[in-house]
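J.: What follows is a single structure, and I will ask about it in a moment.
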There are 2 protein chains.
Amino acid sequence: MLSQKTKSAFSKIVGSERFHDDLATLSSHSYDSYSTGGRADAVVFPKSTVEISKLLEIANQEAVPVTTRGAGTNLSGGSVPINGGLVLCLTQMNRILKIAPKDRYAVAQPGVVNEELQIALGKNGFFFPPDPSSYTVSTIGGNIAENAGGPRCLKYGVTSDYVLGLEAVLASGKIVRLGSANVKDVTGYRPAGIFCGSEGTLGIITEATLKIIPIPKAKRTAMLVYQNLNDTAQTVADIIGEGILPAAMELMDNGIINLIEDYMNIGLPRTAEGVLLIDLDGMPEMVQKEMELVERIGWQNKAIQISLAKNSQECDELWKGRRAVYGLLNKVSPTVLVEDATVPVSKVPDMIRGCRKIAEEFRLKISIVGHAGDGNLHPSINTDARDKEKMQRVDLAVRKIFSLALDLGGCLSGEHGIGLGKKAFLPMALGDDTIDFLKMLKRSVDPLNILNPGKFV
Amino acid sequence: MLSQKTKSAFSKIVGSERFHDDLATLSSHSYDSYSTGGRADAVVFPKSTVEISKLLEIANQEAVPVTTRGAGTNLSGGSVPINGGLVLCLTQMNRILKIAPKDRYAVAQPGVVNEELQIALGKNGFFFPPDPSSYTVSTIGGNIAENAGGPRCLKYGVTSDYVLGLEAVLASGKIVRLGSANVKDVTGYRPAGIFCGSEGTLGIITEATLKIIPIPKAKRTAMLVYQNLNDTAQTVADIIGEGILPAAMELMDNGIINLIEDYMNIGLPRTAEGVLLIDLDGMPEMVQKEMELVERIGWQNKAIQISLAKNSQECDELWKGRRAVYGLLNKVSPTVLVEDATVPVSKVPDMIRGCRKIAEEFRLKISIVGHAGDGNLHPSINTDARDKEKMQRVDLAVRKIFSLALDLGGCLSGEHGIGLGKKAFLPMALGDDTIDFLKMLKRSVDPLNILNPGKFV
């Protein structure tokens with residue numbers, strides 16, 4: 001609980017209109033897309049780095065937990081204030097400060113929505129590659145803090161590949177500036193890198209300098225349907241082996257195919273074991289050429305159906321099923337757990353088969369959709385949080401899924417983060433000495449552990 | 001000075017054949033390509049992570065400075081043991097542990113020479129993009145510790161973009177494993193990122209998991225010669241503006257052109273202000289198409305000469321002058337300082353003009369060669385370390401060059417690192433609070449400051 005005196009001090013910094021401790025605001029800023037288990041004592045909407053610096057100085061003096069959030073779309077509980085305290089909601093720091101097309105960078109405040117940035121960049125012929133499913137609402141600050149991915153990351157890389165520089169406020173209130181606008185910059189450590197995925201535990205990101213790239217001149221989509229999972233996986237391997245790097249290569253398993261058919265009836269064969277949705281982009285002649293190759297590889301691997309979009313409208317049509325997946329999963333059951341265990345791409349078939357076995361063993365419905373080209377799979381479990389017995393089975397299944405991913409040389413999370421959801425599995429992945437190392441780094445800049453306490457570090 | 005007892009303890013760990021304290025070995029392991037100012041007390045050649053762990057445990061107990069080195073090719077003094085102590089020379093940890101073409105990664109020990117890795121990968125149809133000029137001798141451990149770049153980094157990115165995972169030994173002797181073989185991995189902080197460019201100050205890199213990519217099917221080179229510097233720069237901007245990302249885009253100024261002509265007489269016009277050397281790679285049809293575009297843009301911007309290589313032999317021919325530059329610079333004077341101030345690409349002409357003025361002001365010969373596409377320039381100063389008066393002018397000129405780069409939104413180093421050479425300029429670039437932040441991170445894992453003391457942090 002915060003004292004009235006501390007609350008007043010926070011309120012004085014941002015002004016009473018941007019300080020809230022009413023139940024409605026507290027509740028609506030205490031959960032994310034994973035967990036509802038938080039209980040904020042106060043929520044502030046700072047508008048500047050200086051305000052955040054002053055807020056943290058007091059929070060640090062009083063040892064008040066500080067949890068930072070944007071849109072709260074994250075899927076691992078990273079922005080849930082489980083120890084109460086102050087929630088910094090950065091949605092009002094939402095200005096795009098600079099777009100420098102010639103030098104290929106943009107500067108944005110953390111509260112800028114990913115899609116708004118894309119629109120502004122698009123007017124200049126550029127884009128910012130990370131495209132998490134939440135991009136229409138999630139913010140750049142959250143994308144960085146969770147090191148967000150998305151389908152496009154197969155070709156273009158994840159958020160950390162696009163963060164050139166950061167301004168951040170440390171627990172002490174001190175303001176640091178890391179990196180620069182230069183792609184090549186080896187001035188000391190690259191701490192801009194460790195802020196990506198730090199989930200609000202190292203400091204508050206208050207400004208980001210982002211690498212941007214020109215929008216490719218052409219984009220085409222192909223959908224390949226397979227009777228057999230091995231043929232699907234072989235197609236992925238062959239396409240990459242041919243030197244083609246698609247802008248996206250999404251895989252949907254039989255469970256997802258049937259889910260789409262149940263609700264949308266778009267004509268996918270219900271017995272099919274795999275669908276690949278492939279985006280190619282680049283210079284028009286190149287895309288055309290690569291598309292012909294993809295088609296040939298597809299038939300060679302016994303595709304039973306191949307659809308090639310001729311224009312952007314047809315591309316959207318092919319993506320319709322894939323885009324609807326999370327919405328549909330939520331229609332099937334009151335609770336859906338979307339995991340993101342990731343494995344080296346050659347292990348994708350093993351991982352899918354393993355998940356099927358785990359589903360059988362624990363009598364659960366686990367469907368898999370994912371980014372096949374980079375092994376980032378989303379085993380999605382339909383369940384009901386109110387059903388204690390079922391949730392116990394879910395917990396056991398999830399542990400087994402992660403254990404399988406690690407056995408296959410994979411990792412706990414490709415793009416959703418650790419947060420609360422995977423905290424318990426961290427020792428399984430990293431070992432004690434490595435976790436201690438992360439803790440040493442964290443403690444060195446936040447000795448009182450005020451920044452997002454109770455999370456992975 | 002190390003006590004005999006400590007020396008014996010070190011010697012016992014690696015065996016007497018791999019422990020040295022004779023003057024010849026000490027001298028030959030106390031300098032790098034920047035500085036001869038070191039004075040090692042002992043040199044060891046460990047062969048395993050466990051040996052390094054044991055060595056560090058003792059070094060930490062006895063507060064012995066530990067400086068790690070590979071080939072010692074670095075250009076900023078990063079591997080010079082200025083405080084004496086133990087030098088860990090990792091050239092005997094030189095095994096390639098795994099190449100996984102299907103999953104696009106390789107695992108290497110730190111002492112593997114960059115070129116050896118390229119050869120092994122080449123047999124599998126893959127390559128590792130970072131290509132520092134020293135690649136025939138420099139090691140992967142050094143490439144990571146300095147976050148090495150190279151011409152190819154314009155298109156493919158720098159070393160940190162290719163480090164997926166690391167094993168490292170901390171000052172305590174504890175062994176940590178960071179990251180994994182997965183391109184998408186958000187399991188906690190990405191400390192693999194801060195080890196890139198850490199210059200041996202955070203821990204000893206003992207194994208690296210590296211992202212590798214398929215060798216493009218085709219590669220072609222073009223050389224464009226310009227009377228005027230602005231036209232040269234406009235060509236760079238137009239090529240990138242057209243959506244073409246060359247595998248390399250090297251710029252040589254009038255000083256370098258005349259240097260090449262003085263010694264090699266390859267037919268470059270001595271009045272020309274700029275030469276661009278452009279590599280394009282990818283699918284053959286694409287490269288052909290892009291080359292035509294490059295040629296058109298070249299003539300549009302008033303090139304006075306364009307040479308297009310038709311085969312790999314002709315490509316090598318065009319690169320001959322550029323490859324010889326550092327050798328030739330060393331023929332002109334006993335000392336050559338190669339700086340690597342980097343600026344946003346639109347500021348390249350301002351930077352080159354500024355360097356010319358600085359050369360005039362301090363009566364020095366400054367020639368510029370560099371990676372034009374990413375603004376990573378190498379102003380190279382011919383001087384004589386024995387000439388005190390001249391070296392004073394050099395020092396003032398260097399400070400002014402860095403100050404100009406920072407004023408233009410650039411940074412101190414694009415790929416050579418901070419080491420000793422740029423340590424004095426760090427406050428100019430980062431500010432006290434950010435330097436303190438780097439120090440906090442460093443102190444948290446190396447409280448006695450045994451790892452490469454006296455360097456940037």
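To be explicit about the labels: the chains of the structure tokens are called A, B, and onward in the order shown, and within each one the residues are counted from 1, while ligands get numbers from 1 in the order they are shown.
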At a cut-off of 7 Å, using only C-alpha atoms, what residues contact segment 218-228 of chain B? Leave out same-chain residues fewer than 6 positions from it and give the result as a list of chain:residue names.
T.: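 My reading of the contact set: B:Thr271, B:Ala272, B:Glu273, B:Gly274, B:Val275, B:Leu276, B:Leu277, B:Ile278, B:Asp279, B:Leu280, B:Asp281, B:Gly282, B:Met283, B:Pro284, B:Val287, B:Gly298, B:Lys302, B:Ala303, B:Ile304, B:Gln305, B:Ile306, B:Ser307, B:Leu308, B:Ala309, B:Cys315, B:Leu318.
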J.: From a backbone DSSP assignment, name each residue in segment 52-103 of chain A labelled helix (DSSP H, G or I), as a PyMOL selection string.
T.: chain A and resi 52-62
J.: Output C-alpha atoms for every residue in the selection just made, as an mmCIF file, in the first residue's frame.
T.:
data_model
loop_
_atom_site.group_PDB
_atom_site.id
_atom_site.type_symbol
_atom_site.label_atom_id
_atom_site.label_comp_id
_atom_site.auth_asym_id
_atom_site.auth_seq_id
_atom_site.Cartn_x
_atom_site.Cartn_y
_atom_site.Cartn_z
ATOM 1 C CA ILE A 52 9.419 9.661 -15.193
ATOM 2 C CA SER A 53 12.811 10.504 -13.737
ATOM 3 C CA LYS A 54 11.171 12.385 -10.843
ATOM 4 C CA LEU A 55 8.625 9.611 -10.255
ATOM 5 C CA LEU A 56 11.378 6.993 -10.076
ATOM 6 C CA GLU A 57 13.518 9.056 -7.760
ATOM 7 C CA ILE A 58 10.677 9.042 -5.226
ATOM 8 C CA ALA A 59 9.748 5.413 -5.888
ATOM 9 C CA ASN A 60 13.360 4.435 -5.259
ATOM 10 C CA GLN A 61 13.548 6.427 -2.037
ATOM 11 C CA GLU A 62 10.353 4.806 -0.785
#
J.: Can you pull out the residues contacting Ser160 of chain A? Cut-off 7 Å, using only C-alpha atoms, and skip same-chain residues under 6 positions away; I want them as a PyMOL selection string.
T.: chain A and resi 147+193+196
J.: Keeping only C-alpha atoms, write the selected residues to a file as a PDB file, in the first residue's frame.
T.:
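After the write, part-v8.pdb holds the following:
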ATOM      1  CA  ASN A 147      11.434  -8.039 -27.788  1.00  0.00           C
ATOM      2  CA  GLY A 193      20.336  -4.952 -26.632  1.00  0.00           C
ATOM      3  CA  CYS A 196      15.093  -5.634 -25.525  1.00  0.00           C
TER       4      CYS A 196
END
J.: Write out as number ranges by chain all residues of segment 320-445 of chain A that backbone DSSP assigns to strand (DSSP E).
T.: A: 335-338, 365-371, 376-383
J.: Have a look at B:Ile266, B:Val107, B:Met252, B:Leu86 and name the one nearest to Lys320 of chain B; count only C-alpha atoms.
T.: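 Residue with the minimum atom-to-atom distance to Lys320 of chain B: B:Ile266.
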J.: Using Å and a single decimal, report how far atom CA of Asp185 of chain B sits from atom CA of Lys47 of chain B.
T.: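 Between atom CA of Lys47 of chain B and atom CA of Asp185 of chain B the gap is 29.4 Å.
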J.: Atom CA of His378 of chain A to atom CA of Leu329 of chain A: how many Å, to one decimal?
T.: 12.1 Å
J.: For a test of reading the model, state the distance in Å between atom CA of Asn382 of chain B and atom CA of Leu328 of chain B, rounded to one decimal.
T.: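 Result for atom CA of Asn382 of chain B versus atom CA of Leu328 of chain B: 10.7 Å, one decimal.
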J.: Mind checking which residues fall within 8 Å of Pro349 of chain B, counting only C-alpha atoms, ignoring those fewer than 3 positions away in the same chain, and posting them as a list in words?
T.: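 Within the cut-off, the hits are Leu229, Asn230, Ala233, Ser346, Ile352 and Arg353 of chain B.
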J.: Rank nothing, just name the residue among B:Thr235, B:Asn311, B:Asn182, B:Ser444 nearest to Arg296 of chain B, using only C-alpha atoms.
T.: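 So, comparing all the options, the nearest one is B:Thr235.
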J.: Got a sec: who's within 8 Å of segment 330-345 of chain B, counting only C-alpha atoms, leaving out chain neighbours fewer than 6 positions off, as a ChimeraX atom specification?
T.: /A:102-103,181-182,184-185 /B:75,237,351,372-385,401-402,405-406,408-416
J.: Write out as a ChimeraX atom specification each polymer residue whose atoms come within 10 Å of Ser48 of chain B, counting only C-alpha atoms; drop sequence neighbours fewer than 4 positions from it.
T.: /B:14,52-53,90,92-93,109,206-207
J.: Would you mind listing what lies within 7 Å of segment 30-45 of chain A as a VMD selection string, with only C-alpha atoms counted and same-chain residues fewer than 5 positions away left out?
T.: chain A and resid 1 to 2 18 to 21 72 to 77 79 to 82 84 to 90 92
J.: Counting only C-alpha atoms, which residue out of B:Arg399, B:Lys217, B:Gly188, B:Leu404 sits closest to Pro427 of chain A?
T.: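 Residue with the minimum atom-to-atom distance to Pro427 of chain A: B:Gly188.
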J.: Go through A:Asn254, A:Gln313, A:Asn452, A:Ser180 and flag the residue nearest chain B, using only C-alpha atoms for the distances.
T.: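 Smallest separation from chain B among the options: A:Ser180.
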J.: Let me make sure I understand: among B:Glu242, B:Thr201, B:Lys423, B:Gly370, which one has the smallest atom-to-atom distance to Arg443 of chain B if we use only C-alpha atoms?
T.: B:Thr201
